[in-house]
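One structure is given below, encoded as structure tokens.
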Amino acid sequence: MPTYLSLVSFTQQGYRNIKESPARLDAARKAFKAMGGELKHFYLTLGRYDIVLIGEHPNDETAAKVALATGSLGNVRTETLRAFTEEEYRKADKISAVNRCQSQPRHDILGASLEPMSLRDIAPIYETRGSPTFLHGTSVLSGTPDGRQ
């Protein structure tokens, strides 16, 4: 089953009701189980997040349902991440390497390239004497096509 990490922060309501937190953890374990998952680990943490949960769910939709149901109670805010095992990582890396070797230039339905763009391709606009210009060109957007004002 896929693994998920949930980074949890108490809300003001959650802090006001902190004494109920152990009972809410028990309810979370039951919610995971009721939706076909399992809460594997619970950690109370110091720092940006108050709690880190590690659990398993059958799929992303179930993980989202549990996160939304938990957050809707108003005691915590959650950020849930899909975690991949080393084996899954190694398999994905092999697939990616094969795809890079076999890939042809990709285009969207309008024919625009879907290949990564360089800074030169993006042509960021900078201010030059009050008029924006392309970084690699001399044409001023507000001037004539040859760049004259």
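Simple scheme: letters A, B, ... for chains in structure tokens order, numbers from 1 for residues in each chain, numbers from 1 for ligands in the order shown.
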Query raised in the report: Can you tell me, as a PyMOL selection string, what residues are no more than 12 Å from range 68-85 of chain A when counting only C-alpha atoms, ignoring any on the same chain fewer than 2 positions away?
Result: chain A and resi 1-21+24-25+27-32+35+48-66+87-93
Keeping only C-alpha atoms, take the residues you just selected and write them out as a PDB file, in the first residue's frame.
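This is the output file part.pdb:
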ATOM      1  CA  MET A   1       0.000   0.000   0.000  1.00  0.00           C
ATOM      2  CA  PRO A   2       1.258   3.538  -0.703  1.00  0.00           C
ATOM      3  CA  THR A   3       2.814   5.424   2.213  1.00  0.00           C
ATOM      4  CA  TYR A   4       1.852   8.985   3.138  1.00  0.00           C
ATOM      5  CA  LEU A   5       3.407  11.510   5.506  1.00  0.00           C
ATOM      6  CA  SER A   6       1.112  14.036   7.128  1.00  0.00           C
ATOM      7  CA  LEU A   7       2.579  17.204   8.587  1.00  0.00           C
ATOM      8  CA  VAL A   8       0.112  18.440  11.171  1.00  0.00           C
ATOM      9  CA  SER A   9      -0.238  21.798  12.932  1.00  0.00           C
ATOM     10  CA  PHE A  10      -2.684  22.555  15.715  1.00  0.00           C
ATOM     11  CA  THR A  11      -5.151  25.375  15.098  1.00  0.00           C
ATOM     12  CA  GLN A  12      -6.188  27.777  17.877  1.00  0.00           C
ATOM     13  CA  GLN A  13      -9.153  25.483  18.524  1.00  0.00           C
ATOM     14  CA  GLY A  14      -6.814  22.490  18.677  1.00  0.00           C
ATOM     15  CA  TYR A  15      -4.624  24.222  21.269  1.00  0.00           C
ATOM     16  CA  ARG A  16      -7.692  25.192  23.332  1.00  0.00           C
ATOM     17  CA  ASN A  17      -8.778  21.538  23.287  1.00  0.00           C
ATOM     18  CA  ILE A  18      -5.299  20.034  23.675  1.00  0.00           C
ATOM     19  CA  LYS A  19      -6.414  17.714  26.486  1.00  0.00           C
ATOM     20  CA  GLU A  20      -8.678  15.964  23.968  1.00  0.00           C
ATOM     21  CA  SER A  21      -5.749  15.341  21.606  1.00  0.00           C
ATOM     22  CA  ARG A  24      -8.533  12.569  18.611  1.00  0.00           C
ATOM     23  CA  LEU A  25      -5.465  10.453  17.798  1.00  0.00           C
ATOM     24  CA  ALA A  27     -10.269   8.580  16.361  1.00  0.00           C
ATOM     25  CA  ALA A  28      -7.733   9.213  13.571  1.00  0.00           C
ATOM     26  CA  ARG A  29      -6.479   5.622  13.866  1.00  0.00           C
ATOM     27  CA  LYS A  30     -10.063   4.402  13.502  1.00  0.00           C
ATOM     28  CA  ALA A  31     -10.674   6.706  10.502  1.00  0.00           C
ATOM     29  CA  PHE A  32      -7.557   5.355   8.764  1.00  0.00           C
ATOM     30  CA  MET A  35     -11.090   3.720   4.956  1.00  0.00           C
ATOM     31  CA  ARG A  48       7.208  24.186  12.257  1.00  0.00           C
ATOM     32  CA  TYR A  49       4.837  21.220  12.617  1.00  0.00           C
ATOM     33  CA  ASP A  50       3.349  19.844  15.830  1.00  0.00           C
ATOM     34  CA  ILE A  51       2.833  16.274  14.651  1.00  0.00           C
ATOM     35  CA  VAL A  52       4.118  13.983  11.918  1.00  0.00           C
ATOM     36  CA  LEU A  53       1.983  10.993  10.961  1.00  0.00           C
ATOM     37  CA  ILE A  54       3.124   8.120   8.773  1.00  0.00           C
ATOM     38  CA  GLY A  55       0.357   6.026   7.356  1.00  0.00           C
ATOM     39  CA  GLU A  56      -0.721   3.842   4.501  1.00  0.00           C
ATOM     40  CA  HIS A  57      -3.785   4.279   2.311  1.00  0.00           C
ATOM     41  CA  PRO A  58      -5.045   2.262  -0.640  1.00  0.00           C
ATOM     42  CA  ASN A  59      -4.699   5.290  -2.969  1.00  0.00           C
ATOM     43  CA  ASP A  60      -4.380   9.081  -3.191  1.00  0.00           C
ATOM     44  CA  GLU A  61      -8.142   9.607  -3.105  1.00  0.00           C
ATOM     45  CA  THR A  62      -8.428   7.818   0.238  1.00  0.00           C
ATOM     46  CA  ALA A  63      -5.504   9.797   1.652  1.00  0.00           C
ATOM     47  CA  ALA A  64      -7.230  13.016   0.563  1.00  0.00           C
ATOM     48  CA  LYS A  65     -10.536  11.940   2.152  1.00  0.00           C
ATOM     49  CA  VAL A  66      -8.844  11.229   5.488  1.00  0.00           C
ATOM     50  CA  GLU A  87      12.502   0.373  -4.359  1.00  0.00           C
ATOM     51  CA  GLU A  88       9.825   2.608  -5.941  1.00  0.00           C
ATOM     52  CA  TYR A  89      12.411   5.368  -6.393  1.00  0.00           C
ATOM     53  CA  ARG A  90      14.876   3.045  -8.118  1.00  0.00           C
ATOM     54  CA  LYS A  91      12.143   1.696 -10.416  1.00  0.00           C
ATOM     55  CA  ALA A  92      10.986   5.231 -11.338  1.00  0.00           C
ATOM     56  CA  ASP A  93      14.574   6.340 -11.958  1.00  0.00           C
TER      57      ASP A  93
END
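Interatomic distance, CA of Leu46 in chain A against CA of Pro22 in chain A: 17.5 Å.
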